[in-house]
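Q: File name query_35.cif; file contents mmCIF, C-alpha atoms; full text below.
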data_final
loop_
_atom_site.label_atom_id
_atom_site.label_comp_id
_atom_site.auth_asym_id
_atom_site.auth_seq_id
_atom_site.Cartn_x
_atom_site.Cartn_y
_atom_site.Cartn_z
CA MET K 1 2.04 10.40 5.68
CA ALA K 2 4.86 7.95 6.38
CA THR K 3 6.17 7.90 2.80
CA ALA K 4 5.80 11.61 2.03
CA ASN K 5 9.53 12.25 2.42
CA LYS K 6 10.89 8.80 1.63
CA ASN K 7 11.75 7.10 -1.63
CA LEU K 8 10.68 3.47 -1.21
CA SER K 9 13.10 2.30 -3.90
CA PHE K 10 16.28 3.53 -2.21
CA TYR K 11 18.63 1.01 -0.61
CA ASP K 12 22.34 0.85 0.03
CA LYS K 13 23.52 -2.26 -1.80
CA THR K 14 26.67 -2.40 0.33
CA LYS K 15 24.47 -3.18 3.35
CA ILE K 16 22.39 -5.89 1.67
CA PRO K 17 23.49 -9.56 1.68
CA ASN K 18 24.10 -11.07 -1.74
CA ALA K 19 21.00 -12.95 -2.92
CA LYS K 20 22.76 -15.22 -5.43
CA LEU K 21 22.11 -18.45 -3.51
CA LEU K 22 18.56 -17.58 -2.41
CA ARG K 23 15.19 -18.59 -3.88
CA PHE K 24 12.25 -16.20 -3.67
CA GLY K 25 8.55 -16.66 -4.12
CA ILE K 26 6.38 -13.73 -5.13
CA VAL K 27 2.61 -14.08 -4.88
CA VAL K 28 0.85 -11.32 -6.82
CA SER K 29 -2.79 -10.25 -6.62
CA GLU K 30 -4.46 -9.79 -10.01
CA TRP K 31 -6.84 -7.17 -8.52
CA ASN K 32 -5.66 -3.63 -9.29
CA ASP K 33 -3.11 -5.20 -11.62
CA GLU K 34 -1.92 -1.83 -12.92
CA ILE K 35 -0.55 -1.33 -9.39
CA THR K 36 0.51 -4.89 -8.54
CA GLU K 37 2.45 -5.28 -11.81
CA GLY K 38 4.46 -2.17 -10.94
CA LEU K 39 5.13 -3.56 -7.47
CA TYR K 40 6.21 -6.90 -8.94
CA GLU K 41 8.54 -5.17 -11.40
CA GLY K 42 10.11 -3.19 -8.54
CA ALA K 43 10.57 -6.32 -6.42
CA GLU K 44 12.03 -8.38 -9.24
CA ALA K 45 14.43 -5.60 -10.29
CA ALA K 46 15.71 -5.14 -6.72
CA LEU K 47 16.19 -8.90 -6.23
CA LEU K 48 18.14 -9.16 -9.48
CA ASP K 49 20.16 -6.04 -8.61
CA CYS K 50 21.17 -7.71 -5.35
CA GLY K 51 22.39 -10.88 -7.05
CA ALA K 52 19.32 -13.10 -7.26
CA ILE K 53 19.13 -15.36 -10.31
CA SER K 54 15.96 -14.98 -12.37
CA GLU K 55 15.34 -18.75 -12.33
CA ASN K 56 15.25 -18.53 -8.52
CA ILE K 57 12.35 -16.08 -8.52
CA ILE K 58 9.03 -17.92 -8.64
CA ARG K 59 5.85 -15.97 -9.36
CA TRP K 60 2.32 -17.12 -8.65
CA ASN K 61 -0.82 -15.06 -9.26
CA VAL K 62 -3.95 -15.07 -7.12
CA PRO K 63 -7.27 -13.34 -7.86
CA GLY K 64 -7.18 -10.71 -5.11
CA SER K 65 -5.37 -9.50 -2.02
CA PHE K 66 -7.53 -11.61 0.29
CA GLU K 67 -6.22 -14.73 -1.48
CA LEU K 68 -2.58 -13.79 -0.88
CA THR K 69 -2.47 -15.65 2.44
CA TYR K 70 -3.50 -18.96 0.88
CA GLY K 71 -1.20 -18.46 -2.10
CA CYS K 72 1.75 -17.76 0.19
CA LYS K 73 0.93 -20.77 2.38
CA LYS K 74 0.79 -23.07 -0.66
CA MET K 75 4.08 -21.67 -1.94
CA ILE K 76 5.77 -22.24 1.43
CA THR K 77 4.49 -25.80 1.75
CA SER K 78 5.03 -26.93 -1.86
CA THR K 79 8.25 -25.26 -3.02
CA GLU K 80 11.74 -24.74 -1.65
CA ILE K 81 12.09 -21.01 -1.11
CA ASP K 82 13.93 -18.79 1.33
CA ALA K 83 11.34 -15.97 1.50
CA VAL K 84 7.98 -15.01 0.03
CA ILE K 85 6.76 -11.56 -0.96
CA ALA K 86 2.99 -11.01 -0.91
CA ILE K 87 2.05 -8.26 -3.38
CA GLY K 88 -1.38 -6.66 -3.39
CA SER K 89 -3.27 -3.40 -3.62
CA VAL K 90 -6.48 -2.51 -1.79
CA ILE K 91 -7.98 0.91 -2.44
CA GLN K 92 -10.60 2.49 -0.18
CA GLY K 93 -14.10 2.40 -1.63
CA GLU K 94 -17.57 3.35 -0.43
CA THR K 95 -18.14 0.26 1.73
CA LYS K 96 -16.47 -1.49 4.67
CA HIS K 97 -15.12 -4.16 2.30
CA PHE K 98 -11.74 -2.35 2.36
CA ASP K 99 -11.50 -2.79 6.14
CA PHE K 100 -12.29 -6.50 6.03
CA VAL K 101 -9.86 -7.27 3.21
CA CYS K 102 -7.04 -5.23 4.76
CA SER K 103 -7.55 -6.78 8.18
CA GLY K 104 -7.83 -10.32 6.78
CA VAL K 105 -4.70 -10.20 4.65
CA THR K 106 -2.69 -8.46 7.38
CA GLN K 107 -3.63 -11.05 9.99
CA GLY K 108 -3.15 -13.87 7.48
CA ILE K 109 0.39 -12.83 6.60
CA LYS K 110 1.18 -12.37 10.30
CA ASP K 111 -0.12 -15.87 11.00
CA LEU K 112 2.11 -17.35 8.28
CA ASN K 113 5.14 -15.65 9.81
CA VAL K 114 4.29 -17.15 13.19
CA LYS K 115 3.55 -20.66 11.89
CA TYR K 116 6.30 -21.22 9.31
CA ASP K 117 10.07 -20.73 9.26
CA THR K 118 9.91 -19.08 5.84
CA PRO K 119 9.48 -15.30 6.11
CA VAL K 120 6.54 -13.71 4.31
CA VAL K 121 7.02 -10.04 3.50
CA PHE K 122 3.94 -7.82 3.44
CA CYS K 123 3.85 -5.75 0.25
CA VAL K 124 0.16 -4.86 0.18
CA LEU K 125 -0.67 -1.24 -0.47
CA THR K 126 -3.71 -0.08 1.50
CA ASP K 127 -4.35 3.34 0.02
CA ASN K 128 -7.20 5.81 0.13
CA THR K 129 -6.90 6.69 -3.57
CA MET K 130 -5.61 5.25 -6.81
CA GLN K 131 -3.12 8.13 -7.02
CA GLN K 132 -1.58 7.12 -3.68
CA ALA K 133 -1.17 3.58 -5.03
CA ILE K 134 0.43 4.86 -8.25
CA ASP K 135 2.82 7.04 -6.23
CA ARG K 136 4.01 3.97 -4.26
CA SER K 137 4.23 1.45 -7.11
CA GLY K 138 6.81 3.24 -9.23
CA GLY K 139 5.64 6.85 -8.96
CA LYS K 140 6.87 9.85 -7.03
CA HIS K 141 7.48 7.89 -3.81
CA GLY K 142 9.39 5.10 -5.54
CA ASN K 143 8.37 1.47 -5.40
CA LYS K 144 7.22 -0.44 -2.34
CA GLY K 145 8.03 -3.64 -4.26
CA ALA K 146 11.74 -2.80 -4.17
CA GLU K 147 11.50 -2.12 -0.44
CA ALA K 148 9.78 -5.50 0.07
CA ALA K 149 12.49 -7.28 -1.93
CA ILE K 150 15.21 -5.84 0.28
CA ALA K 151 13.23 -6.90 3.36
CA ALA K 152 12.91 -10.42 1.89
CA ILE K 153 16.67 -10.68 1.35
CA LYS K 154 17.37 -9.48 4.88
CA MET K 155 14.79 -11.83 6.40
CA ALA K 156 16.01 -14.83 4.36
CA THR K 157 19.53 -14.29 5.68
CA LEU K 158 18.55 -13.48 9.25
CA GLY K 159 20.54 -15.26 11.91
#
Let me see the file written as structure tokens.
A:
Amino acid sequence: MATANKNLSFYDKTKIPNAKLLRFGIVVSEWNDEITEGLYEGAEAALLDCGAISENIIRWNVPGSFELTYGCKKMITSTEIDAVIAIGSVIQGETKHFDFVCSGVTQGIKDLNVKYDTPVVFCVLTDNTMQQAIDRSGGKHGNKGAEAAIAAIKMATLG
């Protein structure tokens, strides 16, 4: 497991650019909201910790992870932001639905990164169990939302 020995919330603030002048969009899936809310809280806390101003963090909700791509596209094309974080949680079930949703959102986010000059950071947990999702959204492995926020800062200041 890639995160078994890593705390997703750890970052060295001295190596992160100051986010004071940046604007961030966060698109959050309402599906598995007990997980996505934890991810959002981790992302928001890390952005603020790195200097972002709360008024410069824009949150939009979408029904599920599959809708993240459209939500991110609309945010990129209708607001002035420096980076977007797509937050979702897909948990393996008894059908192939998991595979289709995971593939669709992954390809969709990739396509946005190719098409637009605004980076979209992938913060979609694709876990086998609810416990794995809990562990990565503020549990024993830290918070993937914080890791995504740091990636968004770095990508917004790239170059």
Q: Apply the PyMOL selection byres ((chain K and resi 95-112) around 12) to the displayed file and report the matching residues as a PDB file with C-alpha atoms, keeping the file's coordinate frame.
A:
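After the write, expr_22.pdb holds the following:
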ATOM      1  CA  VAL K  27       2.610 -14.080  -4.880  1.00  0.00           C
ATOM      2  CA  SER K  29      -2.790 -10.250  -6.620  1.00  0.00           C
ATOM      3  CA  GLY K  64      -7.180 -10.710  -5.110  1.00  0.00           C
ATOM      4  CA  SER K  65      -5.370  -9.500  -2.020  1.00  0.00           C
ATOM      5  CA  PHE K  66      -7.530 -11.610   0.290  1.00  0.00           C
ATOM      6  CA  GLU K  67      -6.220 -14.730  -1.480  1.00  0.00           C
ATOM      7  CA  LEU K  68      -2.580 -13.790  -0.880  1.00  0.00           C
ATOM      8  CA  THR K  69      -2.470 -15.650   2.440  1.00  0.00           C
ATOM      9  CA  TYR K  70      -3.500 -18.960   0.880  1.00  0.00           C
ATOM     10  CA  GLY K  71      -1.200 -18.460  -2.100  1.00  0.00           C
ATOM     11  CA  CYS K  72       1.750 -17.760   0.190  1.00  0.00           C
ATOM     12  CA  LYS K  73       0.930 -20.770   2.380  1.00  0.00           C
ATOM     13  CA  LYS K  74       0.790 -23.070  -0.660  1.00  0.00           C
ATOM     14  CA  MET K  75       4.080 -21.670  -1.940  1.00  0.00           C
ATOM     15  CA  ILE K  76       5.770 -22.240   1.430  1.00  0.00           C
ATOM     16  CA  THR K  77       4.490 -25.800   1.750  1.00  0.00           C
ATOM     17  CA  ALA K  83      11.340 -15.970   1.500  1.00  0.00           C
ATOM     18  CA  VAL K  84       7.980 -15.010   0.030  1.00  0.00           C
ATOM     19  CA  ILE K  85       6.760 -11.560  -0.960  1.00  0.00           C
ATOM     20  CA  ALA K  86       2.990 -11.010  -0.910  1.00  0.00           C
ATOM     21  CA  ILE K  87       2.050  -8.260  -3.380  1.00  0.00           C
ATOM     22  CA  GLY K  88      -1.380  -6.660  -3.390  1.00  0.00           C
ATOM     23  CA  SER K  89      -3.270  -3.400  -3.620  1.00  0.00           C
ATOM     24  CA  VAL K  90      -6.480  -2.510  -1.790  1.00  0.00           C
ATOM     25  CA  ILE K  91      -7.980   0.910  -2.440  1.00  0.00           C
ATOM     26  CA  GLN K  92     -10.600   2.490  -0.180  1.00  0.00           C
ATOM     27  CA  GLY K  93     -14.100   2.400  -1.630  1.00  0.00           C
ATOM     28  CA  GLU K  94     -17.570   3.350  -0.430  1.00  0.00           C
ATOM     29  CA  ASN K 113       5.140 -15.650   9.810  1.00  0.00           C
ATOM     30  CA  VAL K 114       4.290 -17.150  13.190  1.00  0.00           C
ATOM     31  CA  LYS K 115       3.550 -20.660  11.890  1.00  0.00           C
ATOM     32  CA  TYR K 116       6.300 -21.220   9.310  1.00  0.00           C
ATOM     33  CA  ASP K 117      10.070 -20.730   9.260  1.00  0.00           C
ATOM     34  CA  THR K 118       9.910 -19.080   5.840  1.00  0.00           C
ATOM     35  CA  PRO K 119       9.480 -15.300   6.110  1.00  0.00           C
ATOM     36  CA  VAL K 120       6.540 -13.710   4.310  1.00  0.00           C
ATOM     37  CA  VAL K 121       7.020 -10.040   3.500  1.00  0.00           C
ATOM     38  CA  PHE K 122       3.940  -7.820   3.440  1.00  0.00           C
ATOM     39  CA  CYS K 123       3.850  -5.750   0.250  1.00  0.00           C
ATOM     40  CA  VAL K 124       0.160  -4.860   0.180  1.00  0.00           C
ATOM     41  CA  LEU K 125      -0.670  -1.240  -0.470  1.00  0.00           C
ATOM     42  CA  THR K 126      -3.710  -0.080   1.500  1.00  0.00           C
ATOM     43  CA  ASP K 127      -4.350   3.340   0.020  1.00  0.00           C
ATOM     44  CA  ASN K 128      -7.200   5.810   0.130  1.00  0.00           C
ATOM     45  CA  THR K 129      -6.900   6.690  -3.570  1.00  0.00           C
TER      46      THR K 129
END
Q: In Å, rounded to a single decimal, give me how far atom CA of Gln132 of chain K is from atom CA of Lys15 of chain K.
A: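 Pair atom CA of Lys15 of chain K / atom CA of Gln132 of chain K returns 28.9 Å.
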Q: Using only C-alpha atoms, which of the listed residues (K:Ala52, K:Ala46, K:Glu41, K:Ile57) sits closest to Phe10 of chain K?
A: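 Ranked by minimum distance to Phe10 of chain K, first place goes to K:Ala46.
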Q: Report, in Å to a single decimal, how far apart atom CA of Gly42 of chain K and atom CA of Gly145 of chain K are.
A: 4.8 Å
Q: Please return as JSON, numbers by chain every residue within 10 Å of (-7.8, -14.7, -11.4), taking into account all atoms listed in the file and the file's own coordinates.
A: {"K": [29, 30, 31, 61, 62, 63, 64]}
Q: Find the residues around Ile150 of chain K up to 9 Å (all atoms listed in the file counted), leave out those fewer than 2 positions away in its own chain, and share them as number ranges by chain.
A: K: 11, 16, 43, 46-47, 50, 145-148, 152-155
Q: If the PyMOL selection byres ((chain K and resi 19) around 6) is run on the structure shown, which residues does it catch, given as a compact mmCIF listing (two decimals) with C-alpha atoms, in the coordinates of the input?
A:
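This is the output file part.txt:
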# COMPACT_ATOMS: atom_id res chain seq x y z
CA ASN K 18 24.10 -11.07 -1.74
CA LYS K 20 22.76 -15.22 -5.43
CA LEU K 21 22.11 -18.45 -3.51
CA LEU K 22 18.56 -17.58 -2.41
CA CYS K 50 21.17 -7.71 -5.35
CA GLY K 51 22.39 -10.88 -7.05
CA ALA K 52 19.32 -13.10 -7.26
Q: If you apply the PyMOL selection byres ((chain K and resi 142) around 10) to this file, what residues do you get, as a PyMOL selection string?
A: chain K and resi 3+6-10+39+42+134-141+143-147
Q: Could you tell me how far atom CA of Ala156 of chain K sits from atom CA of Leu48 of chain K, in Å to one decimal place?
A: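 Separating atom CA of Leu48 of chain K from atom CA of Ala156 of chain K is a distance of 15.1 Å.
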Q: Compare K:Met130, K:Ile58, K:Ala45, K:Ile53 by their minimum atom-to-atom distance to Ile26 of chain K, counting all atoms listed in the file, and give me the closest one.
A: K:Ile58
